[in-house]
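What follows is the content of run01.cif, which has mmCIF, C-alpha atoms:
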data_final
loop_
_atom_site.label_atom_id
_atom_site.label_comp_id
_atom_site.auth_asym_id
_atom_site.auth_seq_id
_atom_site.Cartn_x
_atom_site.Cartn_y
_atom_site.Cartn_z
CA MET A 1 67.71 73.49 -165.99
CA SER A 2 69.18 73.24 -162.51
CA GLY A 3 70.02 70.30 -160.29
CA ASP A 4 66.52 70.66 -158.82
CA ASP A 5 65.04 69.38 -162.11
CA ALA A 6 63.75 66.34 -160.19
CA ASN A 7 60.90 68.43 -158.83
CA ASN A 8 59.90 70.10 -162.07
CA ASP A 9 59.33 67.52 -164.81
CA GLY A 10 55.86 66.43 -163.79
CA THR A 11 56.52 63.01 -162.31
CA SER A 12 56.62 63.89 -158.62
CA GLY A 13 53.44 65.79 -157.90
CA GLY A 14 49.78 65.00 -157.58
CA ARG A 15 47.87 61.78 -157.15
CA GLY A 16 49.70 58.65 -158.12
CA ASN A 17 52.93 60.18 -156.88
CA GLN A 18 55.84 57.80 -157.46
CA ARG A 19 57.28 58.53 -154.03
CA SER A 20 54.32 56.65 -152.59
CA VAL A 21 55.87 53.34 -153.50
CA ALA A 22 59.51 54.17 -152.85
CA PRO A 23 61.02 53.06 -149.52
CA THR A 24 62.48 55.95 -147.55
CA ASN A 25 64.98 56.33 -144.75
CA ASP A 26 62.06 55.85 -142.33
CA LEU A 27 61.57 52.26 -143.44
CA PRO A 28 63.80 49.36 -144.46
CA LEU A 29 63.60 47.68 -147.83
CA MET A 30 60.45 45.79 -148.71
CA THR A 31 59.82 43.87 -151.89
CA GLU A 32 57.03 45.11 -154.15
CA SER A 33 54.68 42.34 -152.99
CA GLU A 34 55.48 43.01 -149.31
CA PHE A 35 54.93 46.72 -149.83
CA GLU A 36 51.55 46.28 -151.53
CA ALA A 37 50.50 43.74 -148.89
CA GLU A 38 51.19 46.28 -146.13
CA VAL A 39 49.28 49.00 -148.02
CA ALA A 40 46.35 46.67 -148.70
CA ARG A 41 46.23 45.57 -145.08
CA ALA A 42 46.04 49.16 -143.84
CA TYR A 43 43.47 50.14 -146.49
CA LEU A 44 41.17 47.19 -145.79
CA ALA A 45 41.31 47.96 -142.08
CA MET A 46 40.38 51.60 -142.74
CA VAL A 47 37.50 50.63 -145.05
CA HIS A 48 36.20 48.21 -142.44
CA MET A 49 36.36 50.85 -139.70
CA GLY A 50 34.53 53.48 -141.70
CA GLN A 51 35.98 56.26 -139.57
CA PRO A 52 39.55 55.12 -138.98
CA THR A 53 41.84 56.60 -136.37
CA ARG A 54 45.49 55.99 -135.60
CA ALA A 55 44.59 54.32 -132.30
CA LYS A 56 42.22 51.89 -134.02
CA LEU A 57 44.76 51.02 -136.70
CA GLU A 58 47.44 50.37 -134.12
CA GLY A 59 44.89 48.22 -132.34
CA GLU A 60 44.67 46.11 -135.52
CA GLY A 61 48.33 45.26 -135.10
CA ILE A 62 49.82 47.72 -137.62
CA GLU A 63 53.23 48.79 -136.36
CA PRO A 64 53.40 52.48 -135.38
CA SER A 65 56.75 52.70 -137.17
CA THR A 66 55.08 51.86 -140.51
CA LEU A 67 51.63 53.35 -139.99
CA ARG A 68 52.64 56.96 -140.66
CA TYR A 69 54.20 55.98 -143.98
CA LEU A 70 51.32 53.72 -145.06
CA THR A 71 48.68 56.37 -144.37
CA ARG A 72 50.69 58.89 -146.37
CA VAL A 73 50.73 56.44 -149.29
CA LEU A 74 46.97 55.96 -149.08
CA GLU A 75 46.47 59.73 -148.96
CA ASP A 76 48.69 60.24 -152.01
CA ARG A 77 46.81 57.55 -153.92
CA GLY A 78 43.52 59.28 -153.12
CA PHE A 79 42.12 56.36 -151.14
CA VAL A 80 41.68 58.33 -147.90
CA THR A 81 41.57 61.99 -146.89
CA PRO A 82 42.95 63.26 -143.56
CA THR A 83 40.34 64.92 -141.35
CA GLY A 84 42.64 65.58 -138.41
CA PRO A 85 46.13 64.75 -137.09
CA ASP A 86 45.19 61.09 -136.47
CA THR A 87 41.87 60.60 -138.27
CA TRP A 88 40.84 59.95 -141.88
CA ALA A 89 37.78 59.76 -144.10
CA VAL A 90 37.65 56.82 -146.49
CA ASN A 91 36.88 57.94 -150.04
CA PRO A 92 34.46 55.84 -152.17
CA PRO A 93 36.65 52.81 -153.03
CA GLU A 94 35.39 52.27 -156.58
CA GLN A 95 36.04 55.88 -157.57
CA ALA A 96 39.37 56.12 -155.75
CA MET A 97 40.76 52.81 -157.05
CA SER A 98 39.69 53.59 -160.63
CA ALA A 99 41.53 56.92 -160.49
CA TRP A 100 44.64 55.22 -159.12
CA ALA A 101 44.48 52.51 -161.80
CA ASN A 102 44.29 55.18 -164.50
CA SER A 103 47.38 56.89 -163.05
CA VAL A 104 49.33 53.61 -163.04
CA GLU A 105 48.27 52.90 -166.61
CA ARG A 106 49.46 56.34 -167.74
CA ARG A 107 52.92 55.66 -166.30
CA ALA A 108 52.96 52.21 -167.87
CA GLN A 109 52.05 53.72 -171.23
CA GLU A 110 54.91 56.22 -170.95
CA SER A 111 57.30 53.32 -170.31
CA ARG A 112 55.94 51.37 -173.30
CA VAL A 113 56.33 54.37 -175.60
CA LEU A 114 59.92 54.87 -174.43
CA ALA A 115 60.64 51.15 -174.84
CA ALA A 116 59.33 51.19 -178.42
CA SER A 117 61.52 54.17 -179.30
CA LEU A 118 64.59 52.56 -177.78
CA GLN A 119 63.84 49.29 -179.58
CA THR A 120 63.79 51.13 -182.91
CA LEU A 121 67.09 52.82 -182.10
CA TRP A 122 68.59 49.52 -180.98
CA GLU A 123 67.55 47.73 -184.16
CA SER A 124 68.98 50.56 -186.25
CA GLY A 125 72.20 50.34 -184.26
CA ARG A 126 72.77 46.72 -185.32
CA ALA A 127 73.53 48.03 -188.78
CA PRO A 128 77.05 49.33 -189.56
CA SER A 129 77.99 52.18 -187.24
CA ILE A 130 77.11 55.68 -188.43
CA SER A 131 78.58 58.59 -186.47
CA GLY A 132 76.83 61.90 -185.96
CA GLU A 133 73.68 61.19 -187.99
CA HIS A 134 70.70 62.98 -186.41
CA GLY A 135 72.67 63.61 -183.24
CA VAL A 136 73.32 59.89 -182.62
CA VAL A 137 76.71 58.24 -182.19
CA TRP A 138 76.54 54.44 -182.25
CA LEU A 139 78.85 52.74 -179.77
CA ASP A 140 80.14 49.50 -181.26
CA THR A 141 82.03 47.99 -178.31
CA VAL A 142 81.91 47.80 -174.53
CA ALA A 143 85.00 50.02 -174.42
CA ASP A 144 83.18 52.63 -176.54
CA VAL A 145 80.24 52.65 -174.12
CA VAL A 146 82.48 52.97 -171.05
CA ARG A 147 84.50 55.79 -172.60
CA SER A 148 81.36 57.68 -173.67
CA MET A 149 79.70 57.34 -170.25
CA HIS A 150 82.86 58.32 -168.40
CA GLU A 151 83.51 61.40 -170.53
CA LEU A 152 79.87 62.47 -170.43
CA VAL A 153 79.69 62.33 -166.63
CA ARG A 154 82.94 64.30 -166.33
CA SER A 155 81.43 67.01 -168.54
CA ALA A 156 78.34 67.51 -166.34
CA THR A 157 77.74 71.01 -165.01
CA GLN A 158 74.35 70.61 -163.27
CA GLN A 159 73.04 67.10 -162.83
CA VAL A 160 73.55 63.43 -163.65
CA TRP A 161 70.94 60.66 -163.66
CA ALA A 162 72.61 57.23 -163.82
CA VAL A 163 71.00 53.79 -164.00
CA HIS A 164 73.38 50.81 -163.93
CA ASP A 165 72.30 47.24 -164.63
CA THR A 166 74.70 44.27 -164.53
CA SER A 167 75.87 44.77 -168.12
CA PRO A 168 79.49 44.27 -169.25
CA ALA A 169 79.78 48.04 -169.66
CA SER A 170 78.51 48.69 -166.12
CA LEU A 171 81.01 46.20 -164.71
CA ALA A 172 83.85 47.79 -166.70
CA LEU A 173 82.77 51.26 -165.58
CA LEU A 174 82.84 50.14 -161.94
CA ASP A 175 86.27 48.59 -162.40
CA LEU A 176 87.46 51.92 -163.76
CA ALA A 177 86.02 53.72 -160.73
CA LEU A 178 87.63 51.21 -158.36
CA GLU A 179 91.02 51.86 -159.97
CA ALA A 180 90.58 55.64 -159.62
CA PRO A 181 87.99 56.16 -156.85
CA GLY A 182 88.36 59.95 -156.60
CA PRO A 183 85.42 62.30 -157.30
CA LEU A 184 84.29 62.12 -160.94
CA VAL A 185 82.08 65.22 -161.16
CA ALA A 186 82.71 68.87 -160.42
CA GLN A 187 81.64 70.31 -157.08
CA GLY A 188 77.97 71.29 -157.06
CA VAL A 189 76.86 68.74 -159.67
CA LYS A 190 73.92 66.71 -158.34
CA VAL A 191 74.30 62.99 -159.02
CA ARG A 192 71.59 60.39 -158.59
CA MET A 193 72.54 56.75 -159.15
CA LEU A 194 70.31 53.68 -159.28
CA VAL A 195 72.42 50.52 -159.05
CA ASP A 196 71.37 46.92 -159.61
CA ARG A 197 71.97 44.89 -156.46
CA GLY A 198 73.70 42.27 -158.61
CA LEU A 199 76.65 44.64 -158.99
CA LEU A 200 77.29 44.45 -155.25
CA GLU A 201 78.45 40.87 -155.78
CA ARG A 202 81.66 42.44 -157.12
CA PRO A 203 84.30 43.01 -154.42
CA GLY A 204 84.78 46.64 -153.46
CA VAL A 205 81.57 47.96 -155.07
CA LEU A 206 79.64 48.52 -151.83
CA ASN A 207 82.57 50.44 -150.33
CA LEU A 208 82.81 52.51 -153.52
CA LEU A 209 79.11 53.38 -153.40
CA GLU A 210 79.37 54.32 -149.72
CA ARG A 211 82.18 56.72 -150.61
CA ARG A 212 79.98 58.19 -153.32
CA VAL A 213 77.25 58.81 -150.73
CA GLU A 214 79.79 60.57 -148.51
CA GLU A 215 80.70 62.74 -151.53
CA GLY A 216 77.07 63.82 -151.85
CA TYR A 217 75.72 61.36 -154.41
CA GLU A 218 72.18 60.02 -153.92
CA VAL A 219 72.55 56.27 -154.38
CA ARG A 220 69.69 53.78 -154.45
CA LEU A 221 69.48 50.06 -155.10
CA ALA A 222 67.08 48.06 -157.26
CA SER A 223 66.85 44.55 -158.69
CA LYS A 224 66.72 43.17 -162.23
CA LEU A 225 67.24 46.40 -164.14
CA ILE A 226 66.84 45.91 -167.91
CA PHE A 227 69.51 48.24 -169.28
CA SER A 228 71.79 51.09 -168.25
CA ALA A 229 71.60 54.76 -169.15
CA ILE A 230 73.21 58.04 -168.13
CA SER A 231 71.58 61.42 -168.69
CA VAL A 232 73.69 64.57 -168.19
CA ASP A 233 72.18 68.00 -167.66
CA THR A 234 69.50 68.42 -170.37
CA ARG A 235 71.76 67.94 -173.36
CA ALA A 236 73.05 64.38 -173.71
CA MET A 237 72.65 60.74 -172.73
CA VAL A 238 74.18 57.32 -173.27
CA VAL A 239 72.05 54.18 -173.46
CA ASP A 240 73.97 50.98 -172.68
CA LEU A 241 72.50 47.80 -174.19
CA THR A 242 75.58 45.61 -173.80
CA ALA A 243 73.65 43.37 -171.38
CA HIS A 244 71.67 42.17 -174.39
CA ASP A 245 74.45 41.89 -176.96
CA ALA A 246 78.00 42.93 -176.12
CA ASP A 247 79.36 42.03 -179.56
CA SER A 248 77.00 44.02 -181.79
CA PRO A 249 76.53 47.78 -182.14
CA GLY A 250 73.34 48.99 -180.49
CA SER A 251 74.34 51.16 -177.57
CA PHE A 252 74.42 54.83 -178.46
CA GLU A 253 75.08 58.40 -177.38
CA MET A 254 72.27 60.86 -178.12
CA ARG A 255 72.18 64.65 -178.07
CA ARG A 256 68.59 65.37 -179.13
CA PRO A 257 66.40 67.12 -176.51
CA THR A 258 63.25 64.95 -176.69
CA PRO A 259 64.82 61.48 -176.18
CA VAL A 260 67.25 62.93 -173.62
CA ALA A 261 64.29 64.29 -171.63
CA ALA A 262 62.43 60.98 -171.96
CA VAL A 263 65.36 58.93 -170.63
CA ARG A 264 65.87 61.41 -167.79
CA LYS A 265 62.21 61.02 -166.82
CA TRP A 266 62.47 57.22 -167.07
CA ALA A 267 65.57 57.26 -164.84
CA LYS A 268 63.77 59.40 -162.29
CA VAL A 269 60.78 57.04 -162.13
CA LEU A 270 63.08 54.05 -161.56
CA PHE A 271 65.05 56.01 -158.96
CA GLU A 272 61.89 56.72 -156.95
CA TYR A 273 61.29 52.96 -156.71
CA GLY A 274 64.81 52.30 -155.43
CA THR A 275 65.95 51.73 -151.86
CA PRO A 276 68.33 54.37 -150.46
CA LEU A 277 71.78 53.06 -149.71
CA SER A 278 72.04 55.45 -146.75
CA PRO A 279 70.77 52.98 -144.10
CA ALA A 280 73.86 50.83 -144.72
CA LEU A 281 76.06 53.68 -143.51
CA VAL A 282 75.38 53.23 -139.81
CA PRO A 283 78.73 53.83 -138.10
CA VAL A 284 80.43 50.64 -136.95
CA ARG A 285 80.89 51.30 -133.26
CA GLU A 286 80.28 49.64 -129.91
CA THR A 287 76.63 49.78 -128.85
CA ARG A 288 76.62 48.20 -125.41
CA SER A 289 73.26 49.73 -124.48
CA ARG A 290 71.66 47.75 -127.29
CA GLY A 291 73.77 44.67 -126.83
CA LEU A 292 74.94 44.78 -130.45
CA SER A 293 78.46 44.14 -131.61
CA PRO A 294 79.81 46.30 -134.46
CA ARG A 295 79.37 43.36 -136.83
CA ASP A 296 75.75 42.79 -135.77
CA GLN A 297 75.02 46.47 -136.27
CA ARG A 298 76.56 46.31 -139.73
CA ILE A 299 74.57 43.18 -140.61
CA LEU A 300 71.34 44.80 -139.45
CA SER A 301 71.96 47.98 -141.43
CA MET A 302 72.79 46.07 -144.63
CA LEU A 303 69.77 43.84 -144.06
CA ALA A 304 67.60 46.95 -144.05
CA THR A 305 69.15 47.99 -147.36
CA GLY A 306 67.97 44.76 -148.98
CA LEU A 307 71.29 43.00 -149.48
CA SER A 308 71.38 39.21 -149.63
CA ASP A 309 73.03 37.09 -146.96
CA GLN A 310 75.79 36.22 -149.45
CA VAL A 311 76.65 39.87 -150.12
CA ILE A 312 76.45 40.75 -146.41
CA ALA A 313 78.80 37.87 -145.60
CA ARG A 314 81.34 39.04 -148.16
CA HIS A 315 81.38 42.59 -146.88
CA CYS A 316 81.47 41.56 -143.20
CA GLY A 317 84.25 39.04 -143.75
CA CYS A 318 82.33 36.05 -142.42
CA SER A 319 80.50 33.00 -143.76
CA THR A 320 76.94 33.02 -145.10
CA ARG A 321 75.99 30.60 -142.34
CA THR A 322 77.23 33.08 -139.75
CA VAL A 323 75.11 35.83 -141.31
CA GLU A 324 72.04 33.57 -141.36
CA ARG A 325 72.61 32.73 -137.69
CA ARG A 326 73.04 36.39 -136.72
CA VAL A 327 69.95 37.41 -138.71
CA ARG A 328 67.91 34.82 -136.80
CA TRP A 329 69.34 36.08 -133.52
CA LEU A 330 68.58 39.71 -134.40
CA SER A 331 65.05 38.80 -135.49
CA ASP A 332 64.46 36.97 -132.21
CA ARG A 333 65.92 39.89 -130.28
CA LEU A 334 63.56 42.28 -132.08
CA GLY A 335 60.55 39.97 -131.87
CA ALA A 336 60.31 39.86 -135.66
CA SER A 337 59.15 36.98 -137.85
CA SER A 338 60.64 38.25 -141.13
CA ARG A 339 63.54 40.30 -142.44
CA PHE A 340 61.15 43.17 -143.20
CA GLN A 341 59.73 43.17 -139.67
CA ALA A 342 63.24 43.05 -138.21
CA GLY A 343 64.19 46.17 -140.14
CA ALA A 344 60.97 47.98 -139.22
CA GLU A 345 61.39 47.19 -135.54
CA ALA A 346 65.04 48.30 -135.63
CA VAL A 347 63.92 51.64 -137.08
CA ARG A 348 61.20 51.99 -134.45
CA ARG A 349 63.71 51.41 -131.65
CA GLY A 350 66.18 53.88 -133.15
CA TRP A 351 68.78 51.24 -133.92
CA LEU A 352 69.01 52.49 -137.53
#

Structure encoded using structure tokens:
Amino acid sequence: MSGDDANNDGTSGGRGNQRSVAPTNDLPLMTESEFEAEVARAYLAMVHMGQPTRAKLEGEGIEPSTLRYLTRVLEDRGFVTPTGPDTWAVNPPEQAMSAWANSVERRAQESRVLAASLQTLWESGRAPSISGEHGVVWLDTVADVVRSMHELVRSATQQVWAVHDTSPASLALLDLALEAPGPLVAQGVKVRMLVDRGLLERPGVLNLLERRVEEGYEVRLASKLIFSAISVDTRAMVVDLTAHDADSPGSFEMRRPTPVAAVRKWAKVLFEYGTPLSPALVPVRETRSRGLSPRDQRILSMLATGLSDQVIARHCGCSTRTVERRVRWLSDRLGASSRFQAGAEAVRRGWL
């Protein structure tokens, strides 16, 4: 299977497409509740109109910078059908929403099945370590997990899916990368990383991830990830459960096709929900035409990536109070009443 596996395992196509809920480079970060509120607002407006058009929706106060994305989401969910470049037909709500609910439930069921399998493996792993049985190697310590993940990634020939929570093993793995920040994979290997925002509290991590993006990695951010896992090619994976119990065996390396495929699919679903790190890579340069200092531009770009004021302050070398003050100033400058609106307006104006 090639590095294009992301498009071929059945989780990207059709109604209920996961990309519908994933922020893209066209939009800044929004929380799940903010995202669904924007979708619901657009949908209710379209239902009320009966024969919605782009002009009417903009007349309802929906920002042009977000409208294109929101209508695409509603099309993917089967709620509306395009009838022209800027017009839509509203599908029967009861039928459309029932179909969407069934799609969400199917994905939830897949996650529950995977969770049950991992729970069984985890409980088995709390017994004395057994190496090589049924293609499983139990990893008894944080050092074992880090070594296994590091060696597995270095052995990749096609693709790597990596999900990193704030576990002791993830922190140790990042420390290892900070000590030796050079490329870890061979040229041509496609790497997709989903990183818990909590890891960016660690000094140097944001800069490391930005370098990874420059090297060709796809890096996204998420919050409150439950555990870490790395899947390499189609042959092997490591599941890191040290966030739950660092002192007992439970994490493991697996080389059986079915669970490896399941974890790869799980990682892909989570990745689609993540926020791309790319918006934080706006070059720090003078922007006199916009009246932004390099620091303000950096703050705005990291704001759009979903970073907290505390993390932004650390990486900009200023106090949290300074960041809060600059965020208020930027919001006023953009005519925005929230962080989300500030990011959306910055995108619309071409500032990001």

Give me the residues near A:Gln187 as a PyMOL selection string, where near means some atom within 12 Å (using all atoms listed in the file) and where sequence neighbours in that chain fewer than 5 positions away do not count. chain A and resi 154-159+215-217

Near stretch 43-49 of chain A, counting only C-alpha atoms, which residues have an atom at most 9 Å away, once you skip same-chain residues fewer than 6 positions from it, shown as a PyMOL selection string? chain A and resi 56-57+60+70-71+74+79-80+88-91+93

Residues within 8 Å of A:Pro257, please, as a compact mmCIF listing (two decimals) with C-alpha atoms, in the coordinates of the input. Count only C-alpha atoms; anything in the same chain fewer than 3 positions from it doesn't count.
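Saved as selection11.txt:
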# COMPACT_ATOMS: atom_id res chain seq x y z
CA THR A 234 69.50 68.42 -170.37
CA ARG A 235 71.76 67.94 -173.36
CA ALA A 236 73.05 64.38 -173.71
CA VAL A 260 67.25 62.93 -173.62
CA ALA A 261 64.29 64.29 -171.63

Can you spell out as a list in words the set of residues that the PyMOL selection byres ((chain A and resi 320-337) around 8) selects in the structure I just provided? Asp296, Ile299, Leu300, Asp309, Gln310, Ile312, Ala313, Cys318, Ser319, Ser338, Arg339, Gln341, Ala342, Glu345 and Ala346 of chain A

Smallest atom-to-atom distance to A:Pro276: which of A:Arg298, A:Val239, A:Thr141, A:Arg192, using all atoms listed in the file?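 Of the candidates, the smallest distance to A:Pro276 is held by A:Arg192.
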
Could you tell me which residues the PyMOL selection byres ((chain A and resi 162) around 9) grabs in this file, written as a VMD selection string? chain A and resid 160 to 161 163 to 164 191 to 195 228 to 232 264 267
